[in-house]
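Trainee: The structure's right below; bear with me while I get my questions together.
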Amino acid sequence: LLIYYMIHLLCNRKQMTHNTGIGKATALALALRGARVIVACRSKQRGEDAAKDIRRESGNDEVVFMQLDLASMKAIRSFVETFLKTESRLDVLINNAGLATAGRTEDGLGMVFGVNHIGPFLLTNLLLDRLKECAPSRVVNVSSIGHSMGTIDFNCINTHKRLALGTSNRDIFKIYCHSKLCNVLFTHELAKRLKGMGVTCYSLHPGKSELGRDLNGTFMNILKCISKVLIQTDEMSGAQTTLHCTLQEGIEPLSGRYFSDCKLQDVKAEAKDDEIARKLWDVSERLCGMA
(Lines give C-alpha, C1' and ligand atoms only; values in the text may rest on other atoms or scores of the structure.)
Protein backbone atom coordinates (compact mmCIF):
# COMPACT_ATOMS: atom_id res chain seq x y z
CA LEU A 1 0.00 0.00 0.00
CA LEU A 2 1.46 3.28 -0.95
CA ILE A 3 0.54 6.01 1.32
CA TYR A 4 4.04 6.70 1.98
CA TYR A 5 4.38 3.58 3.92
CA MET A 6 4.14 0.11 2.54
CA ILE A 7 2.32 -2.78 4.05
CA HIS A 8 1.85 -6.51 3.78
CA LEU A 9 -1.81 -6.95 4.65
CA LEU A 10 -3.07 -10.26 6.01
CA CYS A 11 0.33 -11.80 5.33
CA ASN A 12 0.11 -11.03 1.64
CA ARG A 13 -1.31 -7.54 1.23
CA LYS A 14 0.91 -4.47 0.84
CA GLN A 15 0.29 -0.83 1.49
CA MET A 16 2.03 2.57 1.94
CA THR A 17 1.42 5.73 4.10
CA HIS A 18 2.82 9.12 5.50
CA ASN A 19 4.99 9.53 8.60
CA THR A 20 2.78 11.58 10.96
CA GLY A 21 -0.90 12.30 11.63
CA ILE A 22 -3.46 10.44 9.53
CA GLY A 23 -0.81 8.57 7.56
CA LYS A 24 0.74 7.13 10.69
CA ALA A 25 -2.69 6.28 12.11
CA THR A 26 -3.58 4.50 8.86
CA ALA A 27 -0.35 2.54 8.91
CA LEU A 28 -0.92 1.55 12.54
CA ALA A 29 -4.47 0.37 11.82
CA LEU A 30 -3.23 -1.75 8.93
CA ALA A 31 -0.32 -3.13 10.96
CA LEU A 32 -2.78 -4.12 13.69
CA ARG A 33 -4.57 -6.15 11.01
CA GLY A 34 -1.37 -8.08 10.29
CA ALA A 35 -0.17 -6.06 7.31
CA ARG A 36 3.42 -5.68 6.19
CA VAL A 37 3.86 -1.93 6.29
CA ILE A 38 6.56 -0.05 4.44
CA VAL A 39 6.90 3.47 5.80
CA ALA A 40 8.03 5.67 2.91
CA CYS A 41 8.73 9.34 3.56
CA ARG A 42 11.35 12.04 3.00
CA SER A 43 12.69 12.38 6.55
CA LYS A 44 14.82 9.38 7.50
CA GLN A 45 14.63 10.17 11.21
CA ARG A 46 10.88 10.75 11.31
CA GLY A 47 10.23 7.74 9.12
CA GLU A 48 12.34 5.42 11.24
CA ASP A 49 10.75 6.78 14.42
CA ALA A 50 7.27 6.25 12.96
CA ALA A 51 8.08 2.69 11.94
CA LYS A 52 9.48 1.97 15.39
CA ASP A 53 6.36 3.41 17.06
CA ILE A 54 4.07 1.34 14.84
CA ARG A 55 6.00 -1.86 15.51
CA ARG A 56 5.80 -1.22 19.25
CA GLU A 57 2.11 -0.28 19.31
CA SER A 58 0.94 -3.03 16.96
CA GLY A 59 3.25 -5.85 18.00
CA ASN A 60 3.88 -6.32 14.26
CA ASP A 61 7.55 -6.50 13.29
CA GLU A 62 6.73 -6.33 9.58
CA VAL A 63 6.89 -2.52 9.50
CA VAL A 64 9.79 -1.20 7.44
CA PHE A 65 11.04 2.29 6.55
CA MET A 66 12.07 3.27 3.01
CA GLN A 67 13.16 6.81 2.19
CA LEU A 68 11.17 8.64 -0.49
CA ASP A 69 11.31 12.31 -1.50
CA LEU A 70 8.31 13.27 -3.64
CA ALA A 71 9.99 16.59 -4.49
CA SER A 72 12.54 14.74 -6.64
CA MET A 73 11.68 12.64 -9.69
CA LYS A 74 15.13 11.08 -9.51
CA ALA A 75 14.47 10.03 -5.91
CA ILE A 76 11.05 8.62 -6.85
CA ARG A 77 12.52 6.53 -9.65
CA SER A 78 15.29 5.29 -7.34
CA PHE A 79 12.74 4.38 -4.67
CA VAL A 80 10.64 2.42 -7.15
CA GLU A 81 13.69 0.58 -8.49
CA THR A 82 14.64 -0.48 -4.95
CA PHE A 83 11.10 -1.40 -4.02
CA LEU A 84 10.54 -3.58 -7.07
CA LYS A 85 13.77 -5.44 -6.34
CA THR A 86 13.08 -6.03 -2.65
CA GLU A 87 9.31 -6.43 -2.38
CA SER A 88 7.36 -9.05 -4.30
CA ARG A 89 3.85 -7.64 -3.84
CA LEU A 90 1.97 -4.36 -3.88
CA ASP A 91 -1.74 -4.73 -3.21
CA VAL A 92 -2.72 -1.22 -2.16
CA LEU A 93 -1.02 2.09 -2.90
CA ILE A 94 -2.13 5.00 -0.70
CA ASN A 95 -0.93 8.41 -1.89
CA ASN A 96 -1.16 10.56 1.23
CA ALA A 97 0.87 13.68 0.36
CA GLY A 98 -0.55 16.96 1.67
CA LEU A 99 2.13 19.67 1.61
CA ALA A 100 1.36 23.39 1.74
CA THR A 101 4.48 25.50 1.44
CA ALA A 102 6.21 27.86 -0.98
CA GLY A 103 9.26 27.02 -3.09
CA ARG A 104 10.12 24.73 -5.96
CA THR A 105 11.02 21.09 -6.27
CA GLU A 106 14.36 19.74 -7.46
CA ASP A 107 12.83 19.56 -10.95
CA GLY A 108 11.66 23.19 -11.00
CA LEU A 109 7.99 22.57 -10.29
CA GLY A 110 5.97 24.53 -7.75
CA MET A 111 6.52 22.67 -4.47
CA VAL A 112 2.83 22.02 -3.74
CA PHE A 113 2.14 20.95 -7.34
CA GLY A 114 5.21 18.71 -7.39
CA VAL A 115 4.73 16.97 -4.04
CA ASN A 116 0.93 16.72 -3.89
CA HIS A 117 0.27 15.75 -7.51
CA ILE A 118 3.21 15.18 -9.86
CA GLY A 119 5.18 13.05 -7.36
CA PRO A 120 2.26 10.69 -6.61
CA PHE A 121 1.34 10.65 -10.31
CA LEU A 122 4.82 9.46 -11.28
CA LEU A 123 5.06 7.06 -8.36
CA THR A 124 1.71 5.45 -9.19
CA ASN A 125 2.50 5.07 -12.88
CA LEU A 126 5.87 3.47 -12.14
CA LEU A 127 4.16 0.94 -9.86
CA LEU A 128 1.15 0.15 -12.05
CA ASP A 129 2.63 -3.02 -13.54
CA ARG A 130 3.21 -4.44 -10.05
CA LEU A 131 -0.31 -3.47 -8.99
CA LYS A 132 -1.71 -5.24 -12.06
CA GLU A 133 0.35 -8.34 -11.27
CA CYS A 134 -1.14 -8.36 -7.74
CA ALA A 135 -4.75 -7.73 -8.79
CA PRO A 136 -7.23 -7.32 -7.30
CA SER A 137 -5.43 -4.24 -5.99
CA ARG A 138 -6.20 -0.61 -5.21
CA VAL A 139 -4.86 2.95 -5.43
CA VAL A 140 -6.16 5.31 -2.73
CA ASN A 141 -5.51 9.03 -3.24
CA VAL A 142 -5.97 11.22 -0.16
CA SER A 143 -7.44 14.49 -1.40
CA SER A 144 -9.37 17.07 0.67
CA ILE A 145 -12.71 18.79 0.84
CA GLY A 146 -10.62 21.78 -0.25
CA HIS A 147 -10.63 20.38 -3.79
CA SER A 148 -14.06 21.99 -4.19
CA MET A 149 -12.36 25.40 -3.96
CA GLY A 150 -9.68 24.47 -6.48
CA THR A 151 -9.42 24.94 -10.22
CA ILE A 152 -6.92 23.97 -12.91
CA ASP A 153 -5.17 26.78 -14.81
CA PHE A 154 -3.34 25.01 -17.63
CA ASN A 155 -1.81 28.27 -18.85
CA CYS A 156 -0.11 28.74 -15.48
CA ILE A 157 1.06 25.12 -15.42
CA ASN A 158 2.49 25.32 -18.94
CA THR A 159 4.13 28.70 -18.38
CA HIS A 160 5.35 28.49 -14.78
CA LYS A 161 5.11 24.77 -13.87
CA ARG A 162 2.92 25.86 -10.97
CA LEU A 163 -0.80 25.69 -10.22
CA ALA A 164 -0.95 29.41 -9.41
CA LEU A 165 1.32 32.31 -8.50
CA GLY A 166 1.84 33.94 -5.10
CA THR A 167 3.60 33.07 -1.84
CA SER A 168 1.33 34.41 0.92
CA ASN A 169 -0.45 31.96 3.21
CA ARG A 170 -3.69 32.75 1.39
CA ASP A 171 -2.02 32.05 -1.97
CA ILE A 172 -0.49 28.80 -0.73
CA PHE A 173 -3.82 27.61 0.64
CA LYS A 174 -5.44 28.25 -2.74
CA ILE A 175 -2.63 26.34 -4.46
CA TYR A 176 -3.12 23.51 -1.98
CA CYS A 177 -6.81 23.36 -2.95
CA HIS A 178 -5.84 23.28 -6.64
CA SER A 179 -3.49 20.35 -5.92
CA LYS A 180 -6.24 18.45 -4.12
CA LEU A 181 -8.48 18.92 -7.18
CA CYS A 182 -5.62 17.37 -9.17
CA ASN A 183 -5.87 14.32 -6.89
CA VAL A 184 -9.58 13.91 -7.66
CA LEU A 185 -9.09 14.37 -11.41
CA PHE A 186 -6.12 11.98 -11.43
CA THR A 187 -8.27 9.33 -9.73
CA HIS A 188 -11.10 9.92 -12.22
CA GLU A 189 -8.83 9.42 -15.24
CA LEU A 190 -6.83 6.57 -13.68
CA ALA A 191 -10.01 4.56 -13.12
CA LYS A 192 -10.90 4.88 -16.80
CA ARG A 193 -7.44 3.72 -17.87
CA LEU A 194 -7.45 0.76 -15.47
CA LYS A 195 -10.96 -0.48 -16.27
CA GLY A 196 -11.06 -4.25 -16.56
CA MET A 197 -7.51 -4.71 -15.24
CA GLY A 198 -8.38 -5.61 -11.66
CA VAL A 199 -6.98 -2.38 -10.21
CA THR A 200 -9.48 0.09 -8.73
CA CYS A 201 -8.86 3.57 -7.34
CA TYR A 202 -10.57 6.06 -5.03
CA SER A 203 -10.04 9.62 -3.80
CA LEU A 204 -11.22 10.92 -0.45
CA HIS A 205 -11.45 13.67 2.13
CA PRO A 206 -9.72 12.54 5.34
CA GLY A 207 -10.05 13.96 8.81
CA LYS A 208 -7.37 15.88 10.68
CA SER A 209 -4.27 16.68 8.59
CA GLU A 210 -0.72 17.91 9.05
CA LEU A 211 -1.32 20.91 6.76
CA GLY A 212 -1.07 23.39 9.63
CA ARG A 213 2.62 22.75 10.23
CA ASP A 214 3.39 24.58 6.95
CA LEU A 215 1.13 27.61 7.40
CA ASN A 216 1.11 30.28 10.07
CA GLY A 217 -0.32 33.64 11.02
CA THR A 218 -3.82 35.07 10.96
CA PHE A 219 -4.95 33.12 7.91
CA MET A 220 -3.93 29.85 9.54
CA ASN A 221 -5.93 30.76 12.65
CA ILE A 222 -8.99 31.22 10.44
CA LEU A 223 -8.41 27.82 8.87
CA LYS A 224 -8.12 26.21 12.29
CA CYS A 225 -11.54 27.60 13.21
CA ILE A 226 -13.01 26.24 9.98
CA SER A 227 -11.32 22.87 10.55
CA LYS A 228 -13.22 22.37 13.81
CA VAL A 229 -16.33 21.98 11.68
CA LEU A 230 -14.86 20.20 8.65
CA ILE A 231 -12.15 17.95 10.10
CA GLN A 232 -12.08 15.01 12.49
CA THR A 233 -10.35 15.84 15.78
CA ASP A 234 -8.08 12.83 16.20
CA GLU A 235 -5.82 10.93 13.83
CA MET A 236 -7.49 7.51 14.12
CA SER A 237 -10.94 9.00 13.41
CA GLY A 238 -9.43 10.97 10.55
CA ALA A 239 -8.00 7.79 9.04
CA GLN A 240 -11.35 5.99 8.82
CA THR A 241 -12.24 7.04 5.27
CA THR A 242 -8.77 6.09 4.04
CA LEU A 243 -9.21 2.70 5.70
CA HIS A 244 -12.69 2.37 4.20
CA CYS A 245 -11.36 2.92 0.67
CA THR A 246 -8.48 0.56 1.39
CA LEU A 247 -10.34 -2.33 2.99
CA GLN A 248 -14.07 -2.15 2.27
CA GLU A 249 -15.34 -5.02 0.13
CA GLY A 250 -17.80 -4.42 -2.69
CA ILE A 251 -16.79 -0.87 -3.67
CA GLU A 252 -15.01 -1.94 -6.86
CA PRO A 253 -17.88 -0.65 -9.08
CA LEU A 254 -17.25 2.81 -7.57
CA SER A 255 -13.69 3.02 -8.89
CA GLY A 256 -12.72 6.60 -9.72
CA ARG A 257 -15.20 8.12 -7.25
CA TYR A 258 -14.70 10.40 -4.23
CA PHE A 259 -15.48 9.51 -0.60
CA SER A 260 -15.95 11.50 2.60
CA ASP A 261 -16.91 10.22 6.05
CA CYS A 262 -16.75 6.66 4.64
CA LYS A 263 -19.53 7.50 2.17
CA LEU A 264 -19.66 8.15 -1.54
CA GLN A 265 -19.86 11.89 -2.26
CA ASP A 266 -20.59 13.71 -5.49
CA VAL A 267 -18.11 16.33 -6.71
CA LYS A 268 -18.45 19.51 -8.72
CA ALA A 269 -18.53 19.36 -12.51
CA GLU A 270 -14.86 20.37 -12.96
CA ALA A 271 -13.72 17.53 -10.68
CA LYS A 272 -15.30 14.87 -12.93
CA ASP A 273 -14.84 16.50 -16.31
CA ASP A 274 -13.39 13.92 -18.72
CA GLU A 275 -11.62 16.47 -20.91
CA ILE A 276 -9.97 18.30 -17.99
CA ALA A 277 -8.91 15.01 -16.40
CA ARG A 278 -7.41 13.75 -19.65
CA LYS A 279 -5.62 17.05 -20.29
CA LEU A 280 -4.18 17.06 -16.75
CA TRP A 281 -2.94 13.50 -17.31
CA ASP A 282 -1.23 14.48 -20.58
CA VAL A 283 0.43 17.54 -19.01
CA SER A 284 1.55 15.48 -16.01
CA GLU A 285 3.06 12.83 -18.29
CA ARG A 286 5.01 15.51 -20.13
CA LEU A 287 6.31 17.10 -16.92
CA CYS A 288 7.41 13.65 -15.69
CA GLY A 289 9.22 12.90 -18.96
CA MET A 290 6.84 10.01 -19.64
CA ALA A 291 5.22 11.40 -22.80
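Chain labels follow the order of the C-alpha coordinates: the first chain is A, the next B, and so on; residue numbering restarts at 1 in every chain, and ligands are counted from 1 in their shown order.
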If you count only C-alpha atoms, which residues fall within 7 Å of Leu181 in chain A, apart from same-chain ones fewer than 4 positions away, as a list in words?
Mentor: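 Near Leu181 in chain A, the qualifying residues are His147, Gly150, Thr151, Cys177, Leu185 and Ala271 of chain A.
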Trainee: Just write the chosen residues, all heavy atoms, as a tab-separated table (two decimals), in the first residue's frame.
Mentor:
chain	number	residue	atom	x	y	z
A	147	HIS	N	-10.65	20.49	-2.33
A	147	HIS	CA	-10.63	20.38	-3.79
A	147	HIS	C	-11.79	21.15	-4.41
A	147	HIS	O	-11.70	21.60	-5.56
A	147	HIS	CB	-10.69	18.91	-4.22
A	147	HIS	CG	-12.08	18.35	-4.25
A	147	HIS	ND1	-12.70	17.79	-3.15
A	147	HIS	CD2	-13.00	18.28	-5.26
A	147	HIS	CE1	-13.92	17.41	-3.47
A	147	HIS	NE2	-14.14	17.69	-4.74
A	150	GLY	N	-10.78	24.44	-5.53
A	150	GLY	CA	-9.68	24.47	-6.48
A	150	GLY	C	-10.13	24.59	-7.91
A	150	GLY	O	-11.31	24.40	-8.25
A	151	THR	N	-9.19	24.91	-8.78
A	151	THR	CA	-9.42	24.94	-10.22
A	151	THR	C	-8.09	24.65	-10.90
A	151	THR	O	-7.03	24.72	-10.28
A	151	THR	CB	-9.99	26.30	-10.67
A	151	THR	OG1	-10.43	26.19	-12.04
A	151	THR	CG2	-8.94	27.41	-10.57
A	177	CYS	N	-5.48	23.79	-2.48
A	177	CYS	CA	-6.81	23.36	-2.95
A	177	CYS	C	-6.75	22.92	-4.42
A	177	CYS	O	-7.37	21.93	-4.80
A	177	CYS	CB	-7.83	24.47	-2.76
A	177	CYS	SG	-8.21	24.84	-1.02
A	185	LEU	N	-9.11	14.55	-9.95
A	185	LEU	CA	-9.09	14.37	-11.41
A	185	LEU	C	-8.18	13.22	-11.82
A	185	LEU	O	-8.51	12.45	-12.75
A	185	LEU	CB	-8.65	15.67	-12.08
A	185	LEU	CG	-9.67	16.80	-12.06
A	185	LEU	CD1	-9.00	18.14	-12.37
A	185	LEU	CD2	-10.80	16.53	-13.06
A	271	ALA	N	-14.46	18.64	-11.30
A	271	ALA	CA	-13.72	17.53	-10.68
A	271	ALA	C	-14.00	16.18	-11.33
A	271	ALA	O	-13.33	15.20	-11.01
A	271	ALA	CB	-14.04	17.47	-9.19
Trainee: For CA of Thr246 in chain A and CA of Ser137 in chain A, quote the distance in Å rounded to one decimal.
Mentor: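 Computing the Euclidean distance for CA of Thr246 in chain A and CA of Ser137 in chain A yields 9.3 Å.
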Trainee: Just give me the gap between CA of Thr159 in chain A and CA of Gly114 in chain A in Å, one decimal is fine.
Mentor: 14.9 Å
Trainee: Contacts of Val142 in chain A at 7 Å or less, counting only C-alpha atoms, minus same-chain residues fewer than 2 places along, as number ranges by chain?
Mentor: A: 95-96, 140, 144, 203-206
Trainee: Name all residues at most 8 Å from range 65-73 of chain A (count only C-alpha atoms; drop same-chain ones fewer than 5 positions away) and give them as a ChimeraX atom specification.
Mentor: /A:4-5,38-44,47-48,51,79,105-107,111,114-115,119-120,122,288
Trainee: Would you list, as a list in words, the residues of range 48-192 of chain A that end up in strand (DSSP E or B) under DSSP run on this structure's backbone?
Mentor: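 Written out, the strand (DSSP E or B) residues of range 48-192 of chain A are Val63, Val64, Phe65, Met66, Gln67, Val92, Leu93, Ile94, Asn95, Arg104, Gly110, Ser137, Arg138, Val139, Val140, Asn141 and Val142 of chain A.
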Trainee: Using only C-alpha atoms, which of A:Leu123, A:Ile172, A:Met149, A:Val139 sits nearest Ala75 in chain A?
Mentor: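 Distance minimum relative to Ala75 in chain A lands on A:Leu123.
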